[in-house]
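Novice: This is model18.txt (compact mmCIF, C-alpha atoms and all ligand atoms).
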# COMPACT_ATOMS: atom_id res chain seq x y z
CA MET G 82 27.13 -179.85 -8.06
CA ALA G 83 24.69 -178.19 -10.44
CA ASN G 84 23.38 -176.02 -7.62
CA ILE G 85 26.83 -174.79 -6.73
CA GLN G 86 27.22 -173.72 -10.35
CA ILE G 87 23.92 -171.85 -10.24
CA ASP G 88 24.84 -170.24 -6.94
CA GLU G 89 28.11 -168.96 -8.37
CA LEU G 90 26.39 -167.56 -11.42
CA ARG G 91 23.73 -165.97 -9.25
CA GLU G 92 26.38 -164.34 -7.14
CA LYS G 93 27.79 -162.75 -10.29
CA LEU G 94 24.30 -161.61 -11.27
CA ASP G 95 23.77 -160.08 -7.85
CA ASP G 96 27.01 -158.19 -8.35
CA ILE G 97 25.90 -156.92 -11.73
CA ASN G 98 22.48 -155.96 -10.36
CA LEU G 99 24.19 -153.80 -7.78
CA GLN G 100 26.38 -152.20 -10.42
CA LEU G 101 23.31 -151.55 -12.56
CA LEU G 102 21.53 -150.12 -9.53
CA ASP G 103 24.35 -147.67 -8.90
CA LEU G 104 24.61 -146.79 -12.58
CA ILE G 105 20.91 -146.31 -13.03
CA ASN G 106 20.73 -143.99 -10.02
CA GLU G 107 23.83 -142.13 -11.17
CA ARG G 108 22.09 -141.70 -14.51
CA ALA G 109 18.93 -140.48 -12.73
CA GLU G 110 20.94 -137.83 -10.85
CA LEU G 111 22.34 -136.57 -14.16
CA ALA G 112 18.88 -136.50 -15.74
CA LYS G 113 17.55 -134.54 -12.73
CA GLU G 114 20.41 -132.09 -13.07
CA ILE G 115 19.59 -131.65 -16.77
CA GLY G 116 15.94 -131.14 -15.73
CA ARG G 117 16.91 -128.33 -13.35
CA VAL G 118 18.99 -126.59 -16.04
CA LYS G 119 16.13 -126.96 -18.53
CA LYS G 120 13.65 -125.50 -16.04
CA ALA G 121 15.90 -122.50 -15.41
CA GLN G 122 16.17 -121.96 -19.16
CA GLY G 123 12.45 -122.53 -19.75
CA ILE G 124 13.14 -125.54 -22.00
CA ASN G 125 10.74 -128.45 -22.41
CA ARG G 126 11.61 -131.50 -20.30
CA PHE G 127 10.83 -134.02 -23.03
CA ASP G 128 13.37 -134.10 -25.85
CA PRO G 129 12.44 -136.75 -28.44
CA VAL G 130 15.36 -135.85 -30.74
CA ARG G 131 17.87 -136.50 -27.97
CA GLU G 132 16.08 -139.76 -27.08
CA ARG G 133 16.18 -140.89 -30.74
CA LYS G 134 19.93 -140.21 -30.92
CA MET G 135 20.55 -142.30 -27.81
CA LEU G 136 18.41 -145.16 -29.15
CA ASP G 137 20.31 -145.07 -32.46
CA LEU G 138 23.67 -145.20 -30.70
CA LEU G 139 22.53 -148.15 -28.61
CA SER G 140 21.38 -149.92 -31.73
CA GLU G 141 24.73 -149.30 -33.41
CA LYS G 142 26.74 -150.58 -30.43
CA ASN G 143 24.55 -153.55 -29.56
CA ARG G 144 26.41 -156.87 -29.81
CA GLY G 145 23.61 -159.02 -28.30
CA PRO G 146 22.37 -161.35 -27.05
CA PHE G 147 19.45 -158.92 -26.54
CA ASP G 148 18.04 -157.77 -29.81
CA THR G 149 17.89 -154.07 -30.44
CA SER G 150 14.13 -153.67 -30.12
CA THR G 151 14.19 -155.25 -26.63
CA LEU G 152 17.01 -152.98 -25.55
CA GLN G 153 15.33 -149.93 -26.98
CA HIS G 154 12.20 -150.83 -25.05
CA ILE G 155 14.17 -151.09 -21.79
CA PHE G 156 15.98 -147.80 -22.41
CA LYS G 157 12.76 -146.04 -23.38
CA GLU G 158 11.41 -147.04 -19.93
CA ILE G 159 14.50 -145.54 -18.34
CA PHE G 160 14.04 -142.27 -20.27
CA LYS G 161 10.41 -142.19 -19.19
CA ALA G 162 11.33 -142.72 -15.54
CA SER G 163 13.91 -139.90 -15.79
CA LEU G 164 11.27 -137.59 -17.19
CA GLU G 165 8.95 -138.46 -14.30
CA LEU G 166 11.71 -137.65 -11.83
CA GLN G 167 12.19 -134.25 -13.47
CA GLU G 168 8.45 -133.68 -13.31
CA ASP G 169 8.31 -134.57 -9.60
CA ASP G 170 11.02 -132.00 -8.99
CA HIS G 171 9.03 -129.37 -10.85
CA ARG G 172 5.79 -130.29 -9.07
CA LYS G 173 7.46 -129.93 -5.69
CA ALA G 174 8.48 -126.48 -6.73
CA LEU G 175 4.93 -125.25 -7.47
CA LEU G 176 3.96 -122.31 -5.29
CA VAL G 177 0.49 -123.79 -4.73
CA SER G 178 1.85 -127.15 -3.61
CA ARG G 179 1.50 -128.37 -0.06
CA LYS G 180 5.15 -129.43 -0.18
CA ARG G 181 6.07 -125.80 -0.67
CA GLN G 182 3.66 -124.47 1.97
CA PRO G 183 2.41 -127.02 4.53
CA ASP G 184 -0.11 -124.63 6.16
CA ASN G 185 -3.52 -123.96 4.62
CA THR G 186 -4.02 -120.71 2.77
CA VAL G 187 -6.79 -118.87 4.62
CA ILE G 188 -8.71 -116.25 2.68
CA ASP G 189 -10.60 -113.52 4.53
CA ILE G 190 -13.59 -112.24 2.62
CA LYS G 191 -15.22 -109.38 4.48
CA GLY G 192 -14.67 -111.18 7.78
CA GLU G 193 -15.55 -114.69 6.61
CA LYS G 194 -12.54 -116.99 6.59
CA ILE G 195 -12.22 -119.73 3.99
CA GLY G 196 -9.70 -122.52 4.46
CA ASN G 197 -9.60 -122.22 8.23
CA GLY G 198 -11.60 -125.32 9.13
CA GLY G 199 -15.07 -123.73 9.02
CA GLN G 200 -17.16 -124.18 5.88
CA VAL G 201 -18.88 -121.55 3.74
CA LEU G 202 -21.97 -121.60 1.58
CA ILE G 203 -21.85 -119.40 -1.51
CA SER G 204 -25.32 -118.85 -2.92
CA GLY G 205 -27.06 -116.71 -5.48
CA PRO G 206 -28.64 -116.66 -8.90
CA CYS G 207 -26.92 -118.02 -11.97
CA ALA G 208 -27.27 -114.66 -13.70
CA VAL G 209 -28.03 -111.16 -12.43
CA GLU G 210 -31.31 -110.13 -14.05
CA SER G 211 -32.52 -107.18 -11.95
CA TYR G 212 -32.00 -105.36 -8.66
CA GLU G 213 -35.21 -106.90 -7.24
CA GLN G 214 -34.18 -110.43 -8.16
CA VAL G 215 -30.73 -110.12 -6.53
CA ALA G 216 -32.12 -108.32 -3.46
CA GLU G 217 -34.63 -111.08 -2.83
CA VAL G 218 -31.89 -113.73 -2.86
CA ALA G 219 -29.59 -111.54 -0.74
CA LYS G 220 -32.30 -111.30 1.90
CA ALA G 221 -32.55 -115.10 2.06
CA VAL G 222 -28.76 -115.50 2.21
CA LYS G 223 -28.51 -112.95 5.02
CA LYS G 224 -31.36 -114.60 6.93
CA GLN G 225 -29.40 -117.86 6.93
CA GLY G 226 -26.37 -116.08 8.39
CA PHE G 227 -24.17 -116.44 5.30
CA LYS G 228 -21.88 -113.87 3.81
CA MET G 229 -21.23 -114.78 0.20
CA LEU G 230 -23.52 -113.85 -2.64
CA ARG G 231 -22.83 -115.13 -6.13
CA GLY G 232 -24.29 -113.84 -9.37
CA GLY G 233 -23.20 -113.80 -12.99
CA ALA G 234 -22.94 -110.52 -14.85
CA PHE G 235 -20.83 -111.87 -17.71
CA LYS G 236 -22.24 -115.18 -18.85
CA PRO G 237 -20.13 -117.35 -21.15
CA ARG G 238 -22.98 -119.33 -22.72
CA THR G 239 -22.68 -122.29 -25.03
CA SER G 240 -24.88 -120.58 -27.60
CA PRO G 241 -24.17 -117.01 -28.71
CA TYR G 242 -27.95 -116.48 -28.90
CA ASP G 243 -28.48 -117.18 -25.17
CA PHE G 244 -28.60 -114.39 -22.57
CA GLN G 245 -25.05 -113.08 -22.21
CA GLY G 246 -25.50 -111.21 -18.92
CA LEU G 247 -25.89 -107.54 -17.96
CA GLY G 248 -22.14 -106.87 -17.91
CA GLU G 249 -20.93 -103.96 -15.76
CA GLU G 250 -24.55 -103.01 -15.05
CA GLY G 251 -24.95 -106.44 -13.41
CA LEU G 252 -21.85 -105.91 -11.27
CA LYS G 253 -23.25 -102.55 -10.09
CA ILE G 254 -26.48 -104.25 -9.02
CA LEU G 255 -24.53 -106.92 -7.14
CA LYS G 256 -22.41 -104.32 -5.35
CA GLN G 257 -25.40 -102.21 -4.40
CA VAL G 258 -27.29 -105.19 -2.99
CA ALA G 259 -24.21 -106.57 -1.22
CA ASP G 260 -23.59 -103.20 0.44
CA GLU G 261 -27.21 -103.00 1.59
CA TYR G 262 -27.12 -106.48 3.14
CA ASP G 263 -23.44 -106.47 4.17
CA LEU G 264 -22.63 -109.41 1.93
CA ALA G 265 -19.61 -110.21 -0.24
CA VAL G 266 -19.92 -110.56 -4.02
CA VAL G 267 -18.57 -113.45 -6.10
CA SER G 268 -18.88 -112.86 -9.84
CA GLU G 269 -17.32 -114.25 -12.97
CA ILE G 270 -15.07 -112.20 -15.22
CA VAL G 271 -14.36 -113.46 -18.71
CA ASN G 272 -12.15 -110.81 -20.26
CA PRO G 273 -8.66 -109.92 -18.97
CA ALA G 274 -9.36 -106.28 -19.84
CA ASP G 275 -12.32 -106.25 -17.39
CA ILE G 276 -10.36 -107.35 -14.31
CA GLU G 277 -9.32 -103.83 -13.29
CA MET G 278 -12.91 -102.60 -13.66
CA ALA G 279 -14.33 -105.60 -11.78
CA VAL G 280 -12.24 -105.15 -8.63
CA LYS G 281 -14.28 -102.02 -7.86
CA TYR G 282 -17.44 -104.12 -7.57
CA VAL G 283 -16.60 -107.67 -6.54
CA ASP G 284 -15.05 -109.25 -3.44
CA VAL G 285 -14.13 -112.44 -5.28
CA ILE G 286 -13.29 -112.75 -8.97
CA GLN G 287 -14.62 -116.00 -10.35
CA ILE G 288 -12.88 -117.66 -13.28
CA GLY G 289 -15.29 -120.08 -14.87
CA ALA G 290 -14.79 -123.61 -16.13
CA ARG G 291 -14.63 -122.51 -19.76
CA ASN G 292 -11.83 -120.10 -18.97
CA MET G 293 -9.72 -122.28 -16.68
CA GLN G 294 -6.98 -122.34 -19.29
CA ASN G 295 -7.43 -118.79 -20.53
CA PHE G 296 -3.90 -117.99 -19.51
CA GLU G 297 -4.13 -114.25 -20.19
CA LEU G 298 -7.17 -114.07 -17.91
CA LEU G 299 -5.35 -116.08 -15.23
CA LYS G 300 -2.37 -113.73 -15.43
CA ALA G 301 -4.64 -110.68 -15.21
CA ALA G 302 -6.40 -112.15 -12.14
CA GLY G 303 -2.97 -112.90 -10.69
CA SER G 304 -1.90 -109.30 -10.92
CA VAL G 305 -4.60 -107.82 -8.67
CA ASP G 306 -5.11 -107.92 -4.91
CA LYS G 307 -8.48 -109.68 -4.89
CA PRO G 308 -9.43 -113.27 -4.00
CA VAL G 309 -10.04 -115.54 -6.99
CA LEU G 310 -12.38 -118.52 -7.20
CA LEU G 311 -11.07 -120.77 -9.95
CA LYS G 312 -13.37 -123.43 -11.35
CA ARG G 313 -12.11 -126.69 -12.79
CA GLY G 314 -12.34 -126.88 -16.59
CA LEU G 315 -14.91 -129.15 -18.22
CA SER G 316 -12.29 -131.69 -19.25
CA ALA G 317 -9.34 -130.60 -17.17
CA THR G 318 -7.23 -133.08 -15.25
CA ILE G 319 -6.40 -132.28 -11.64
CA GLN G 320 -2.83 -131.48 -12.67
CA GLU G 321 -4.03 -129.00 -15.30
CA PHE G 322 -6.31 -127.45 -12.68
CA ILE G 323 -3.41 -127.07 -10.25
CA ASN G 324 -1.26 -125.51 -12.97
CA ALA G 325 -4.02 -123.03 -13.78
CA ALA G 326 -4.01 -121.96 -10.10
CA GLU G 327 -0.22 -121.69 -10.31
CA TYR G 328 -0.62 -119.13 -13.12
CA ILE G 329 -2.56 -116.86 -10.75
CA VAL G 330 -0.31 -117.36 -7.72
CA SER G 331 2.91 -117.01 -9.71
CA ASN G 332 1.71 -113.63 -10.91
CA GLY G 333 1.55 -112.41 -7.31
CA ASN G 334 -2.00 -113.10 -6.13
CA THR G 335 -1.90 -115.80 -3.44
CA GLN G 336 -5.62 -115.65 -2.58
CA VAL G 337 -6.89 -118.48 -4.75
CA MET G 338 -9.68 -120.99 -4.04
CA LEU G 339 -10.37 -124.01 -6.19
CA CYS G 340 -13.84 -125.20 -7.13
CA GLU G 341 -14.70 -128.69 -8.31
CA ARG G 342 -17.76 -128.35 -10.54
CA GLY G 343 -17.99 -131.72 -12.24
CA ILE G 344 -16.21 -132.95 -15.32
CA ARG G 345 -17.47 -134.12 -18.68
CA THR G 346 -17.82 -137.89 -18.95
CA TYR G 347 -20.03 -140.28 -20.91
CA GLU G 348 -22.59 -140.31 -18.06
CA LYS G 349 -25.82 -138.54 -18.93
CA ALA G 350 -27.75 -138.95 -15.65
CA THR G 351 -26.18 -135.75 -14.31
CA ARG G 352 -25.16 -132.59 -16.16
CA ASN G 353 -21.51 -133.31 -15.34
CA THR G 354 -19.86 -135.99 -13.22
CA LEU G 355 -18.93 -134.68 -9.79
CA ASP G 356 -15.35 -135.83 -9.25
CA ILE G 357 -15.71 -136.00 -5.49
CA THR G 358 -12.26 -137.40 -4.77
CA ALA G 359 -10.74 -134.39 -6.52
CA VAL G 360 -11.48 -132.56 -3.25
CA PRO G 361 -9.12 -134.52 -0.95
CA ILE G 362 -6.56 -134.81 -3.77
CA LEU G 363 -6.52 -131.03 -4.20
CA LYS G 364 -6.36 -130.59 -0.41
CA GLN G 365 -3.38 -132.95 -0.23
CA GLU G 366 -1.53 -131.58 -3.24
CA THR G 367 -2.17 -127.89 -2.62
CA HIS G 368 -2.64 -125.57 0.35
CA LEU G 369 -5.59 -123.76 -1.26
CA PRO G 370 -9.24 -123.88 -0.08
CA VAL G 371 -11.42 -126.24 -2.12
CA LEU G 372 -15.13 -125.78 -2.80
CA VAL G 373 -17.77 -127.93 -4.49
CA ASP G 374 -20.33 -126.45 -6.88
CA VAL G 375 -23.30 -128.77 -6.47
CA THR G 376 -25.48 -127.00 -9.03
CA HIS G 377 -23.27 -127.25 -12.11
CA SER G 378 -21.88 -130.67 -11.26
CA THR G 379 -25.25 -132.38 -10.86
CA GLY G 380 -27.60 -130.09 -12.80
CA ARG G 381 -30.36 -131.69 -10.72
CA LYS G 382 -32.24 -130.21 -7.78
CA ASP G 383 -32.81 -133.63 -6.22
CA LEU G 384 -29.06 -134.23 -5.98
CA LEU G 385 -27.99 -130.90 -4.50
CA LEU G 386 -28.32 -131.98 -0.89
CA PRO G 387 -26.59 -135.38 -1.15
CA ALA G 388 -23.83 -133.84 -3.28
CA ALA G 389 -23.35 -131.03 -0.75
CA LYS G 390 -23.21 -133.52 2.12
CA ALA G 391 -20.67 -135.60 0.22
CA GLY G 392 -18.58 -132.50 -0.46
CA LEU G 393 -18.53 -131.47 3.20
CA ALA G 394 -17.91 -135.04 4.40
CA ILE G 395 -14.92 -135.43 2.11
CA GLY G 396 -13.28 -132.23 3.30
CA ALA G 397 -14.49 -129.34 1.14
CA ASP G 398 -14.11 -125.84 2.59
CA GLY G 399 -17.44 -124.82 1.15
CA ILE G 400 -20.34 -125.40 -1.18
CA MET G 401 -21.68 -123.30 -4.01
CA VAL G 402 -25.36 -123.44 -4.92
CA GLU G 403 -27.65 -121.46 -7.21
CA VAL G 404 -30.80 -119.78 -5.89
CA HIS G 405 -33.37 -117.75 -7.83
CA PRO G 406 -36.63 -116.18 -6.61
CA ASP G 407 -38.50 -117.66 -9.57
CA PRO G 408 -36.38 -120.29 -11.32
CA ALA G 409 -39.05 -121.04 -13.93
CA VAL G 410 -38.53 -117.63 -15.52
CA ALA G 411 -34.75 -117.46 -14.98
CA LEU G 412 -32.78 -116.34 -18.03
CA SER G 413 -30.27 -119.17 -17.52
CA ASP G 414 -30.11 -122.54 -15.74
CA ALA G 415 -33.89 -122.47 -15.12
CA ALA G 416 -34.16 -126.17 -14.26
CA GLN G 417 -31.40 -126.44 -11.72
CA GLN G 418 -31.78 -123.37 -9.48
CA LEU G 419 -33.52 -123.59 -6.11
CA ASP G 420 -36.36 -121.21 -5.29
CA ILE G 421 -36.17 -119.50 -1.90
CA PRO G 422 -38.26 -121.97 0.16
CA GLN G 423 -36.27 -124.84 -1.42
CA TYR G 424 -33.04 -123.01 -0.55
CA GLU G 425 -34.15 -122.61 3.06
CA LYS G 426 -34.95 -126.30 3.26
CA PHE G 427 -31.61 -127.16 1.64
CA VAL G 428 -29.76 -125.10 4.27
CA ASP G 429 -31.82 -126.52 7.15
CA ASP G 430 -31.15 -130.09 5.97
CA LEU G 431 -27.46 -129.35 5.52
CA LYS G 432 -27.23 -127.87 9.02
CA ALA G 433 -29.19 -130.83 10.46
CA SER G 434 -26.86 -133.32 8.76
CA GLY G 435 -24.15 -132.65 11.32
CA LEU G 436 -21.64 -132.33 8.49
CA PHE G 437 -21.80 -128.57 8.20
CA ASN G 438 -19.54 -126.53 10.41
CA PRO G 439 -20.15 -122.96 9.22
CA ALA G 440 -17.16 -120.63 9.16
CA LYS G 441 -17.32 -117.92 11.79
CA VAL G 442 -17.90 -114.45 10.47
CA THR G 443 -16.14 -111.63 12.27
CA PRO G 444 -17.86 -108.25 11.99
CA SER G 445 -17.14 -106.53 8.72
CA THR G 446 -14.55 -103.78 8.86
CA LEU G 447 -16.55 -101.78 6.32
C1 LIG Y 501 17.70 -135.97 -19.45
C2 LIG Y 501 17.06 -135.36 -20.43
O1 LIG Y 501 15.66 -135.20 -20.43
C3 LIG Y 501 14.78 -136.19 -20.89
C4 LIG Y 501 15.24 -137.51 -20.46
C5 LIG Y 501 16.16 -138.17 -21.20
C6 LIG Y 501 16.97 -139.29 -20.63
O2 LIG Y 501 16.57 -139.84 -19.59
O3 LIG Y 501 18.02 -139.61 -21.19
C7 LIG Y 501 16.38 -137.76 -22.52
C8 LIG Y 501 15.72 -136.74 -23.09
C9 LIG Y 501 14.64 -136.04 -22.41
O4 LIG Y 501 13.40 -136.53 -22.86
C10 LIG Y 501 17.81 -134.76 -21.58
O5 LIG Y 501 17.22 -133.95 -22.30
O6 LIG Y 501 18.98 -135.11 -21.75
Could you rewrite the structure in this file as structure tokens?
Ligand SMILES: C=C(O[C@@H]1C=C(C(=O)O)C=C[C@H]1O)C(=O)O
Specialist:
Amino acid sequence: MANIQIDELREKLDDINLQLLDLINERAELAKEIGRVKKAQGINRFDPVRERKMLDLLSEKNRGPFDTSTLQHIFKEIFKASLELQEDDHRKALLVSRKRQPDNTVIDIKGEKIGNGGQVLISGPCAVESYEQVAEVAKAVKKQGFKMLRGGAFKPRTSPYDFQGLGEEGLKILKQVADEYDLAVVSEIVNPADIEMAVKYVDVIQIGARNMQNFELLKAAGSVDKPVLLKRGLSATIQEFINAAEYIVSNGNTQVMLCERGIRTYEKATRNTLDITAVPILKQETHLPVLVDVTHSTGRKDLLLPAAKAGLAIGADGIMVEVHPDPAVALSDAAQQLDIPQYEKFVDDLKASGLFNPAKVTPSTL
């Protein structure tokens, strides 16, 4: 008898559950619609004032048996879920998202294709110090059959008293050497006003970790027709990183590559903590090429090779590593740069690992 009573009551509950289900989804559709209108008007998704008003009304109308704080808790969860739905809609809409463009973005840098399955190695000194220094590294890069030469002319250093780079003079040296060895130049730009000047010298504009959220710089890099290598910020989440790339692409420049370079954590054994799973996450979420900077993430020569292997194994489109003819006297990052024999061994070991499938280079059109 008692069970029949329970069964009847449960039937009523089932009915109510289904009504709630319909209502809650109807509510979600309305919240999504509001989200779309807000996006079009550039209004923030989260509206605490509106949420407070709804909670107050619920409190006023509540006749129990639930007490108001319990109900407010439940409704707050519903508001939160609506906000997440709105966010999902916005994320789907990102130009850099894989949902928007299923095919990989492939970037052609002087005949070397990034994002096309083959992997690239970008190497060079931390900072440009002289023509001779850059030329010596360029020779080693060329000998290994690579195309991309990195070098910093503008150096955003932690201390204002550290070497700040040679500026435009450094870019001229890079261009001269790259032309002589038929290489492509990757160099960091730190000031939006320098972007126009830099495109004369570089093949790839690098935006460094410290500038990942320098939105004016991102917009300036987005307004030129030049590939951009965007590094992940020191404490940036993957979502913030993706949004930074969106700044560039939404300004018109679709040639963006992402570079995981380690994030700041409590761990002191390495300079930064290489967030290795950021690579497949970025590859899943976006259609952009993803690189791993093994030098800045580890800050340790003994970890460059295992970190590079891990990067390639997990799906990176390339590796970035610092090389200097005489690291002991380098004006920056002295401890973590490879000398040329160490670089050659690093490349040999990487090639021998079976993980490295170098991108094919078609003859330069220059
Ligand atoms: C739906 C809206 O967006 C968000 C979600 C809310 C909700 O689910 O009721 C309320 C306010 C906002 O934080 C809105 O502004 O009305």
Novice: Counting all atoms listed in the file, which residues in stretch 149-223 of chain G sit no more than 10 Å from stretch 98-114 of chain G? For each one, give the nearest pair of atoms and the distance in Å, sorted by chain then residue number, as JSON lines.
Specialist:
{"residue": "G:Ile159", "atom": "CA", "partner": "G:Ile105", "partner_atom": "CA", "distance": 8.4}
{"residue": "G:Phe160", "atom": "CA", "partner": "G:Ala112", "partner_atom": "CA", "distance": 8.8}
{"residue": "G:Ala162", "atom": "CA", "partner": "G:Ala109", "partner_atom": "CA", "distance": 8.4}
{"residue": "G:Ser163", "atom": "CA", "partner": "G:Ala109", "partner_atom": "CA", "distance": 5.9}
{"residue": "G:Leu164", "atom": "CA", "partner": "G:Ala112", "partner_atom": "CA", "distance": 7.8}
{"residue": "G:Glu165", "atom": "CA", "partner": "G:Lys113", "partner_atom": "CA", "distance": 9.6}
{"residue": "G:Leu166", "atom": "CA", "partner": "G:Lys113", "partner_atom": "CA", "distance": 6.7}
{"residue": "G:Gln167", "atom": "CA", "partner": "G:Lys113", "partner_atom": "CA", "distance": 5.4}
{"residue": "G:Glu168", "atom": "CA", "partner": "G:Lys113", "partner_atom": "CA", "distance": 9.2}
{"residue": "G:Asp169", "atom": "CA", "partner": "G:Lys113", "partner_atom": "CA", "distance": 9.8}
{"residue": "G:Asp170", "atom": "CA", "partner": "G:Lys113", "partner_atom": "CA", "distance": 7.9}
Novice: Of the candidates G:Leu310, G:Val305, G:Ile115, G:Leu412, which one gets nearest to ligand LIG 501 (chain Y) if we count all atoms listed in the file?
Specialist: G:Ile115
Novice: Which one of G:Ile286, G:Ile362, G:Ile87, G:Ile124 sits closest to G:Asn334 if you count all atoms listed in the file?
Specialist: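 For G:Asn334, the nearest of the candidates is G:Ile286.
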Novice: In terms of the shortest atom-to-atom distance over all atoms listed in the file, which of G:His377, G:Arg181, G:Lys307, G:Lys157 is closest to ligand LIG 501 (chain Y)?
Specialist: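 Smallest distance to ligand LIG 501 (chain Y) is found for G:Lys157.
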Novice: Interatomic distance between atom CA of G:Met401 and atom CA of G:Lys256?
Specialist: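 According to the coordinates, atom CA of G:Met401 and atom CA of G:Lys256 are separated by 19.0 Å.
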Novice: Box time for ligand LIG 501 (chain Y): axis-aligned, enclosing all its listed atoms, 5 Å extra on each side; report centre and edge lengths in Å to one decimal, as lines of an AutoDock Vina configuration file.
Specialist:
center_x = 16.2
center_y = -136.9
center_z = -21.3
size_x = 15.6
size_y = 15.9
size_z = 13.6
Novice: Determine the nearest neighbour of ligand LIG 501 (chain Y) from the options G:Asp414, G:Glu341, G:Glu132, G:Asp88, counting only C-alpha atoms and all ligand atoms.
Specialist: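 Among G:Asp414, G:Glu341, G:Glu132, G:Asp88, it is G:Glu132 that comes nearest to ligand LIG 501 (chain Y).
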Novice: Write out as a PyMOL selection string which residues come within 10 Å of G:Ile254 when counting all atoms listed in the file, dropping same-chain ones fewer than 2 positions away.
Specialist: chain G and resi 209-216+232+234+247+249-252+256-260+282
Novice: Given the choices G:Asn292, G:Asn125, G:Gln86, G:Thr358, which gets closest to ligand LIG 501 (chain Y) if the distance is worked out from all atoms listed in the file?
Specialist: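 Looking at the shortest contact to ligand LIG 501 (chain Y), the residue is G:Asn125.
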Novice: Expressed in Å to a single decimal, how great is the separation between atom CA of G:Lys253 and atom CA of G:Val280?
Specialist: 11.4 Å
Novice: Name the residues in contact with G:Leu339 at a cut-off of 7 Å, using only C-alpha atoms, excluding same-chain residues fewer than 6 positions from it; report them as a PyMOL selection string.
Specialist: chain G and resi 310-312+369-372
Novice: Of the candidates G:His405, G:Lys364, G:Lys224, G:Lys120, which one gets nearest to ligand LIG 501 (chain Y) if we count all atoms listed in the file?
Specialist: G:Lys120
Novice: Rounded to one decimal, what separation in Å do you get between atom CA of G:Glu297 and atom CA of G:Lys236?
Specialist: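 Straight-line distance from atom CA of G:Glu297 to atom CA of G:Lys236 works out to 18.2 Å.
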Novice: Please check which residues have atoms at most 12 Å from (18.6, -146.0, -30.6) in the file's coordinates, counting all atoms listed in the file, and write them as a list of chain:residue names.
Specialist: G:Pro129, G:Val130, G:Arg131, G:Glu132, G:Arg133, G:Lys134, G:Met135, G:Leu136, G:Asp137, G:Leu138, G:Leu139, G:Ser140, G:Glu141, G:Lys142, G:Asn143, G:Asp148, G:Thr149, G:Ser150, G:Thr151, G:Leu152, G:Gln153, G:His154, G:Ile155, G:Phe156, G:Lys157, G:Phe160
Novice: Identify, on the basis of all atoms listed in the file, every residue whose closest approach to G:Gly380 does not exceed 9 Å; exclude the query and any residue fewer than 2 positions from it along the same chain; express the result as a tab-separated table (two decimals) with C-alpha atoms, in the frame of the given file.
Specialist:
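The resulting file, result_17.tsv, is shown below:
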chain	number	residue	atom	x	y	z
G	351	THR	CA	-26.18	-135.75	-14.31
G	352	ARG	CA	-25.16	-132.59	-16.16
G	353	ASN	CA	-21.51	-133.31	-15.34
G	375	VAL	CA	-23.30	-128.77	-6.47
G	376	THR	CA	-25.48	-127.00	-9.03
G	377	HIS	CA	-23.27	-127.25	-12.11
G	378	SER	CA	-21.88	-130.67	-11.26
G	382	LYS	CA	-32.24	-130.21	-7.78
G	384	LEU	CA	-29.06	-134.23	-5.98
G	385	LEU	CA	-27.99	-130.90	-4.50
G	414	ASP	CA	-30.11	-122.54	-15.74
G	416	ALA	CA	-34.16	-126.17	-14.26
G	417	GLN	CA	-31.40	-126.44	-11.72
G	418	GLN	CA	-31.78	-123.37	-9.48
Novice: List the neighbours of G:Pro406 out to 12 Å using only C-alpha atoms; skip same-chain residues closer than 2 positions along the sequence, and give me the result as a ChimeraX atom specification.
Specialist: /G:205-222,403-404,408-411,415,418-425
